[in-house]
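Below is query39.txt, holding compact mmCIF, C-alpha atoms.
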```txt
# COMPACT_ATOMS: atom_id res chain seq x y z
CA MET E 117 41.46 124.27 133.36
CA THR E 118 40.83 126.67 130.50
CA SER E 119 37.86 128.95 131.12
CA ILE E 120 34.90 129.36 128.78
CA GLN E 121 34.96 132.46 126.60
CA ARG E 122 31.99 134.22 125.02
CA ILE E 123 32.66 136.15 121.83
CA SER E 124 29.81 138.23 120.42
CA LEU E 125 29.43 139.25 116.79
CA GLN E 126 30.16 142.84 117.83
CA SER E 127 33.44 141.92 119.54
CA GLU E 128 36.73 142.99 117.97
CA HIS E 129 37.93 139.43 118.64
CA TYR E 130 35.24 137.85 116.47
CA PRO E 131 36.89 136.21 113.40
CA LYS E 132 36.60 138.58 110.44
CA LEU E 133 36.29 135.74 107.94
CA LEU E 134 33.32 134.30 109.80
CA LYS E 135 31.71 137.70 110.29
CA ALA E 136 31.67 138.16 106.52
CA ILE E 137 29.47 135.12 105.72
CA TYR E 138 25.76 135.42 105.02
CA ASP E 139 24.57 134.26 108.45
CA PRO E 140 27.36 134.46 111.05
CA PRO E 141 26.54 133.14 114.52
CA PRO E 142 25.56 136.02 116.82
CA ARG E 143 27.72 134.54 119.55
CA LEU E 144 30.45 131.93 119.89
CA MET E 145 31.22 129.94 123.02
CA ALA E 146 34.83 128.81 123.09
CA LYS E 147 37.31 126.96 125.24
CA GLY E 148 41.03 127.16 124.59
CA CYS E 149 43.60 129.73 123.51
CA TRP E 150 41.49 132.16 121.49
CA PRO E 151 43.71 133.30 118.64
CA ASP E 152 44.16 136.39 116.58
CA TRP E 153 42.44 134.81 113.59
CA GLU E 154 44.21 137.21 111.24
CA GLU E 155 47.73 136.06 112.05
CA ARG E 156 47.66 132.82 110.04
CA PHE E 157 45.91 131.02 107.21
CA TRP E 158 43.14 128.61 108.21
CA VAL E 159 42.27 125.42 106.36
CA ALA E 160 39.32 123.12 107.04
CA ILE E 161 39.95 119.39 106.70
CA VAL E 162 36.76 117.33 106.65
CA GLY E 163 35.52 113.92 105.59
CA ALA E 164 33.79 110.70 106.51
CA ARG E 165 33.19 109.57 110.07
CA LYS E 166 33.53 105.93 108.99
CA ALA E 167 36.76 106.63 107.18
CA THR E 168 38.97 104.11 105.43
CA LYS E 169 42.59 103.56 106.40
CA TRP E 170 43.56 105.43 103.23
CA GLY E 171 41.42 108.42 104.20
CA LEU E 172 42.78 108.58 107.75
CA THR E 173 46.35 108.42 106.45
CA GLN E 174 45.66 111.25 104.00
CA ALA E 175 44.04 113.42 106.67
CA LYS E 176 46.99 113.02 109.03
CA LYS E 177 49.55 113.73 106.32
CA ILE E 178 47.74 116.83 105.04
CA SER E 179 47.19 118.20 108.54
CA LYS E 180 50.83 117.79 109.55
CA ASN E 181 52.09 119.36 106.32
CA LEU E 182 49.81 122.37 106.71
CA ALA E 183 50.72 122.77 110.38
CA ALA E 184 54.40 122.79 109.37
CA CYS E 185 53.53 125.71 107.05
CA HIS E 186 52.04 127.65 110.00
CA CYS E 187 48.44 127.06 108.88
CA GLY E 188 45.70 126.55 111.45
CA ILE E 189 43.44 123.52 111.04
CA VAL E 190 39.66 123.67 111.43
CA SER E 191 37.39 120.62 111.60
CA GLY E 192 34.35 119.21 113.37
CA LEU E 193 35.88 117.05 116.14
CA ALA E 194 33.85 114.09 114.86
CA TYR E 195 35.05 110.51 114.44
CA GLY E 196 37.11 109.59 111.41
CA ILE E 197 38.70 112.25 109.22
CA ASP E 198 37.98 115.13 111.63
CA SER E 199 39.64 113.43 114.60
CA ALA E 200 42.62 112.34 112.50
CA ALA E 201 43.19 115.90 111.27
CA HIS E 202 42.93 117.42 114.76
CA ALA E 203 45.17 114.78 116.35
CA ALA E 204 47.84 115.06 113.67
CA CYS E 205 47.94 118.84 114.07
CA VAL E 206 48.36 118.50 117.84
CA GLU E 207 51.18 115.98 117.28
CA ALA E 208 52.85 118.47 114.95
CA ASP E 209 52.62 121.15 117.67
CA GLY E 210 50.20 123.10 115.51
CA VAL E 211 47.02 125.08 116.16
CA THR E 212 43.66 123.45 115.56
CA TRP E 213 40.05 124.38 116.35
CA GLY E 214 37.05 122.09 116.47
CA VAL E 215 33.51 123.29 115.77
CA LEU E 216 30.91 121.38 117.77
CA GLY E 217 27.32 120.51 116.99
CA SER E 218 26.51 120.71 120.71
CA GLY E 219 27.32 122.94 123.67
CA ILE E 220 31.03 123.12 124.49
CA ASP E 221 30.27 121.58 127.88
CA ASN E 222 28.85 118.54 126.11
CA ILE E 223 31.57 117.28 123.77
CA TYR E 224 30.29 114.80 121.22
CA PRO E 225 31.44 112.16 120.67
CA SER E 226 32.43 111.86 124.32
CA ARG E 227 35.37 109.66 123.37
CA ASN E 228 37.02 112.77 121.93
CA LYS E 229 37.15 114.62 125.26
CA THR E 230 40.85 113.82 125.70
CA LEU E 231 41.63 115.02 122.18
CA ALA E 232 39.59 118.18 122.72
CA GLU E 233 41.51 118.95 125.91
CA ALA E 234 44.83 118.41 124.11
CA MET E 235 43.70 120.87 121.43
CA THR E 236 43.29 123.65 124.03
CA LYS E 237 47.08 123.79 124.55
CA LYS E 238 47.38 126.01 121.46
CA GLY E 239 43.89 125.97 119.93
CA GLY E 240 40.58 124.71 121.24
CA TYR E 241 36.96 124.10 120.39
CA LEU E 242 33.92 126.31 119.93
CA SER E 243 30.18 126.27 119.31
CA GLU E 244 27.35 128.63 118.46
CA PHE E 245 25.00 126.60 120.65
CA PRO E 246 24.31 127.47 124.32
CA LEU E 247 25.81 125.48 127.17
CA GLY E 248 23.95 122.24 127.72
CA SER E 249 22.86 121.91 124.10
CA GLN E 250 22.50 118.33 122.90
CA PRO E 251 24.12 117.01 119.69
CA TYR E 252 21.02 116.99 117.51
CA PRO E 253 21.57 115.86 113.88
CA SER E 254 20.51 119.25 112.49
CA HIS E 255 23.14 120.98 114.64
CA PHE E 256 25.93 119.20 112.80
CA ILE E 257 24.62 120.37 109.46
CA GLN E 258 24.19 123.92 110.77
CA ARG E 259 27.71 124.06 112.22
CA ASN E 260 29.24 123.14 108.84
CA ARG E 261 28.82 126.74 107.66
CA ILE E 262 31.06 127.78 110.58
CA ILE E 263 33.76 125.25 109.67
CA SER E 264 33.96 126.68 106.15
CA GLY E 265 33.32 130.23 107.34
CA LEU E 266 36.37 130.20 109.62
CA SER E 267 38.60 128.89 106.84
CA HIS E 268 40.32 130.33 103.80
CA ALA E 269 40.08 126.95 102.06
CA VAL E 270 38.37 123.60 102.58
CA ILE E 271 39.85 120.18 101.84
CA ILE E 272 37.51 117.22 101.37
CA VAL E 273 39.51 114.09 102.14
CA GLU E 274 36.94 111.31 101.84
CA ALA E 275 33.22 111.61 101.24
CA ALA E 276 30.35 109.39 100.15
CA ILE E 277 27.66 110.82 97.87
CA HIS E 278 25.31 111.83 100.73
CA SER E 279 28.07 112.90 103.08
CA GLY E 280 27.75 115.96 105.29
CA SER E 281 31.15 116.94 103.89
CA LEU E 282 29.41 117.80 100.61
CA VAL E 283 27.24 120.24 102.54
CA THR E 284 30.41 121.83 103.91
CA ALA E 285 31.74 122.03 100.37
CA ARG E 286 28.55 123.72 99.23
CA TYR E 287 28.74 126.23 102.07
CA ALA E 288 32.38 126.91 101.17
CA LEU E 289 31.49 127.64 97.54
CA GLU E 290 28.63 129.91 98.60
CA GLN E 291 31.04 131.76 100.89
CA GLY E 292 33.62 132.20 98.12
CA ARG E 293 36.16 129.75 99.57
CA GLU E 294 38.26 127.46 97.43
CA VAL E 295 37.38 123.77 97.71
CA PHE E 296 40.10 121.17 97.29
CA VAL E 297 39.39 117.47 96.98
CA VAL E 298 41.80 114.60 97.52
CA VAL E 299 41.79 112.39 94.43
CA PRO E 300 40.62 108.92 95.56
CA PRO E 301 42.75 105.84 94.90
CA GLU E 302 39.97 103.88 93.22
CA GLU E 303 36.35 103.81 92.10
CA HIS E 304 34.40 102.95 95.24
CA VAL E 305 31.15 104.04 96.91
CA THR E 306 33.22 105.45 99.81
CA TYR E 307 34.73 108.05 97.49
CA GLU E 308 31.71 108.92 95.32
CA GLY E 309 31.48 112.34 96.95
CA ASN E 310 35.09 113.07 96.01
CA LYS E 311 34.38 112.07 92.42
CA LYS E 312 31.22 114.20 92.29
CA LEU E 313 33.01 117.32 93.51
CA LEU E 314 35.93 116.84 91.12
CA GLU E 315 33.52 116.42 88.21
CA GLU E 316 31.78 119.66 89.22
CA GLY E 317 34.98 121.71 89.16
CA ALA E 318 36.58 121.38 92.59
CA THR E 319 40.38 121.63 92.59
CA PRO E 320 42.35 118.38 93.09
CA TYR E 321 44.50 118.61 96.21
CA GLU E 322 48.22 118.30 95.52
CA SER E 323 50.24 119.82 98.35
CA ALA E 324 50.31 122.24 101.26
CA GLU E 325 52.24 124.67 99.06
CA GLN E 326 49.37 124.64 96.56
CA ILE E 327 46.93 125.60 99.33
CA LEU E 328 49.15 128.45 100.52
CA GLU E 329 49.47 129.81 97.01
CA GLU E 330 45.71 129.80 96.47
CA ILE E 331 45.07 131.51 99.80
CA LYS E 332 47.64 134.19 98.99
CA ASN E 333 45.88 134.75 95.68
CA TRP E 334 42.57 135.00 97.54
CA LYS E 335 43.95 137.62 99.92
CA THR E 336 45.50 139.68 97.11
CA GLY E 337 42.47 139.46 94.85
CA THR E 338 43.93 137.22 92.16
CA GLY E 339 43.42 133.60 91.20
CA HIS E 340 40.50 131.24 91.68
CA ALA E 341 40.09 131.75 95.40
CA SER E 342 39.31 135.45 94.98
CA ARG E 343 35.87 134.79 93.50
CA PRO E 344 33.00 136.10 95.69
CA SER E 345 30.94 132.97 95.07
CA ALA E 346 31.07 129.88 92.93
CA PRO E 347 29.85 130.22 89.34
CA PRO E 348 26.85 128.03 88.43
CA GLN E 349 28.89 125.32 86.77
CA THR E 350 30.95 124.70 89.90
CA ARG E 351 28.11 124.59 92.41
CA VAL E 352 27.54 121.21 93.98
CA PRO E 353 24.28 120.02 92.33
CA LEU E 354 23.00 117.88 95.17
CA ALA E 355 19.40 119.02 95.37
CA ALA E 356 18.29 117.62 92.02
CA ASP E 357 19.61 114.22 93.02
CA LEU E 358 17.96 114.25 96.43
CA LEU E 359 14.49 115.67 95.74
CA SER E 360 11.70 113.22 96.50
CA SER E 361 8.20 113.01 95.09
CA ALA E 362 6.89 115.51 97.66
CA PRO E 363 8.23 119.01 96.84
CA LEU E 364 9.97 120.47 99.86
CA ILE E 365 8.64 123.94 99.20
CA GLN E 366 5.12 122.85 100.20
CA PHE E 367 6.28 122.74 103.83
CA LEU E 368 7.67 126.29 103.74
CA LYS E 369 4.54 128.44 103.65
CA ARG E 370 5.57 129.83 107.04
CA PRO E 371 9.03 130.14 108.69
CA THR E 372 10.23 126.60 109.37
CA SER E 373 13.36 125.22 111.04
CA LEU E 374 15.46 122.29 109.87
CA ASP E 375 14.32 120.20 112.84
CA GLN E 376 10.69 120.81 111.91
CA LEU E 377 11.38 119.77 108.32
CA VAL E 378 13.07 116.58 109.47
CA SER E 379 9.96 115.73 111.49
CA LYS E 380 7.58 116.52 108.61
CA THR E 381 9.48 114.91 105.72
CA LYS E 382 11.32 112.05 107.49
CA LYS E 383 14.41 112.91 105.42
CA LEU E 384 18.01 113.11 106.59
CA PRO E 385 19.14 116.60 107.68
CA GLN E 386 21.95 116.71 105.11
CA GLU E 387 19.52 115.88 102.31
CA LEU E 388 17.12 118.59 103.40
CA LEU E 389 19.84 121.21 103.74
CA ALA E 390 21.11 120.47 100.25
CA GLU E 391 17.60 121.03 98.89
CA LEU E 392 17.15 124.20 100.93
CA LEU E 393 20.41 125.64 99.69
CA GLN E 394 19.43 124.91 96.10
CA LEU E 395 15.97 126.45 96.50
CA GLU E 396 17.48 129.53 98.14
CA THR E 397 20.05 129.87 95.35
CA GLU E 398 17.29 129.69 92.73
CA GLY E 399 15.21 132.34 94.52
CA PHE E 400 12.27 130.18 95.60
CA ILE E 401 12.77 130.56 99.34
CA LYS E 402 14.39 132.96 101.79
CA LYS E 403 16.44 132.29 104.89
CA SER E 404 16.11 134.27 108.12
CA PRO E 405 17.96 134.08 111.46
CA GLY E 406 17.27 130.96 113.45
CA PRO E 407 17.88 129.67 110.87
CA LEU E 408 14.37 129.48 109.41
CA TRP E 409 13.28 129.03 105.80
CA GLN E 410 10.11 130.28 104.08
CA SER E 411 8.82 130.25 100.51
CA LEU E 412 8.62 133.56 98.62
```

Rewritten as structure tokens:
Amino acid sequence: MTSIQRISLQSEHYPKLLKAIYDPPPRLMAKGCWPDWEERFWVAIVGARKATKWGLTQAKKISKNLAACHCGIVSGLAYGIDSAAHAACVEADGVTWGVLGSGIDNIYPSRNKTLAEAMTKKGGYLSEFPLGSQPYPSHFIQRNRIISGLSHAVIIVEAAIHSGSLVTARYALEQGREVFVVVPPEEHVTYEGNKKLLEEGATPYESAEQILEEIKNWKTGTGHASRPSAPPQTRVPLAADLLSSAPLIQFLKRPTSLDQLVSKTKKLPQELLAELLQLETEGFIKKSPGPLWQSL
């Protein structure tokens, strides 16, 4: 059985892409074949847990095509799109890593334990949370910054308007990654997140070759993917849509965690994080390790 590895932020084996984000995890716990993260391009494939047949088919096709191009696949090991992308990469004899919202000794959902073990043949799974950590809702939102942070590009396959995938997209834009969105087959509530991102300037996904070209441009300092952060017109404007009658900032007079905000506001974690990101971008609040947020 593959042993557990601990990789600190100071380690030479810590992924350089992840180290460069605003708030990299101080330590990663991993199980699998820890790679040289510099030897290949990494692409995140994310989307709905309750995915449609169309979405699952797209995720599998994209994952296999990218694996054939020697790209590594990153996702969240959740039901739906994540699982389809991981499984397809394994089937293609590729390398894929899952980022957990729990301790790596507590795989969630438990039904994915077999898939997670199969991933360790060439890749594996990791977490910033200590061993024994439970899969709290806020953990899944928090881990999304790692999914995008490990990747050169992010592909949104299928997302509803309040999907956690939109939070991943927002993180990706803040981190200067290119966001690609699969064009949905029809107008439907299941794909409203896709439509929203495309309207706000995300790049329509076309092919694995397109992804490779954009990543090469990013690495050489040319093209869209080289931008340090997304310009205002391409940011995902979720906060304005999700703000309720009670301003969130009133709860941030002292350092406050996402779990505490969930308890105080009774809102969904993904809604709160979207608001927090917007308030931080506009200079109303600051973020400190923890992560904790506080008004300025």

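Proximity of E:Gly292, E:Gly219, E:Pro320, E:Gly240 to Arg261 (chain E), computed with all atoms listed in the file, is greatest for E:Gly292.
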
- Note on the structure: One residue among E:Gln174, E:Thr381, E:Gln366, E:Ser249 is nearest to Gln410 (chain E) when using only C-alpha atoms, and that residue is E:Gln366

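For the pair CA of Leu314 (chain E) and CA of Tyr195 (chain E), the separation is 24.2 Å.
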
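The spacing separating CA of Gln250 (chain E) from CA of Ala390 (chain E) amounts to 22.8 Å.
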
- Length of the CA of Lys335 (chain E) to CA of Asp152 (chain E) vector [Å]: 16.7 Å

- Query: Using only C-alpha atoms, which residues sit within 7 Å of region 278-281 of chain E once same-chain residues fewer than 2 positions away are excluded, as a PyMOL selection string?
  - Reply: chain E and resi 162-163+257+272+275-276+283-285+386

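With all atoms listed in the file taken into account, every residue lying no more than 6 Å from the file point (47.0, 130.0, 109.3) is included here: Arg156, Phe157, Trp158, His186, Cys187 and Gly188 of chain E.
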
- Item | Option closest in space to Leu392 (chain E), from E:Gly214, E:Pro407, E:Pro251, E:Gly265 [counting only C-alpha atoms] |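 Checking each candidate against Leu392 (chain E), we get E:Pro407 as the closest.
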
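For the residues E:Arg286, E:Lys169, E:Lys312, E:His255, ranking by smallest atom-to-atom distance to Glu391 (chain E) using only C-alpha atoms places E:Arg286 first.
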
- Query: Any idea what's packed within 7 Å of Met145 (chain E), counting all atoms listed in the file, ignoring anything in its chain fewer than 6 positions away? Could you give it as a VMD selection string?
  - Reply: chain E and resid 120 to 123 220 242 to 244

- Query: Between E:Trp409, E:Tyr321, E:Tyr241, E:Trp170, which has the minimum distance to Lys147 (chain E) (counting all atoms listed in the file)?
  - Reply: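 Distance minimum relative to Lys147 (chain E) lands on E:Tyr241.
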
Do you know which residues are at most 9 Å from Ile161 (chain E) counting all atoms listed in the file, after dropping those on the same chain fewer than 5 positions away, and could you put them as an mmCIF file with C-alpha atoms, in the coordinates of the input?
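This is the output file part.cif:
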```cif
data_model
loop_
_atom_site.group_PDB
_atom_site.id
_atom_site.type_symbol
_atom_site.label_atom_id
_atom_site.label_comp_id
_atom_site.auth_asym_id
_atom_site.auth_seq_id
_atom_site.Cartn_x
_atom_site.Cartn_y
_atom_site.Cartn_z
ATOM 1 C CA ALA E 175 44.040 113.420 106.670
ATOM 2 C CA ILE E 178 47.740 116.830 105.040
ATOM 3 C CA SER E 179 47.190 118.200 108.540
ATOM 4 C CA ILE E 189 43.440 123.520 111.040
ATOM 5 C CA VAL E 190 39.660 123.670 111.430
ATOM 6 C CA SER E 191 37.390 120.620 111.600
ATOM 7 C CA GLY E 192 34.350 119.210 113.370
ATOM 8 C CA ILE E 197 38.700 112.250 109.220
ATOM 9 C CA ASP E 198 37.980 115.130 111.630
ATOM 10 C CA ALA E 201 43.190 115.900 111.270
ATOM 11 C CA HIS E 202 42.930 117.420 114.760
ATOM 12 C CA ALA E 269 40.080 126.950 102.060
ATOM 13 C CA VAL E 270 38.370 123.600 102.580
ATOM 14 C CA ILE E 271 39.850 120.180 101.840
ATOM 15 C CA ILE E 272 37.510 117.220 101.370
ATOM 16 C CA VAL E 273 39.510 114.090 102.140
#
```

- In terms of the shortest atom-to-atom distance over only C-alpha atoms, which of E:Gln126, E:Gly406, E:Glu155, E:Ile137 is closest to Tyr287 (chain E)?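 So, comparing all the options, the nearest one is E:Ile137.
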
- Name all residues at most 8 Å from Gly239 (chain E) (count only C-alpha atoms; drop same-chain ones fewer than 3 positions away) and give them as number ranges by chain. E: 148-151, 211-213, 235-236
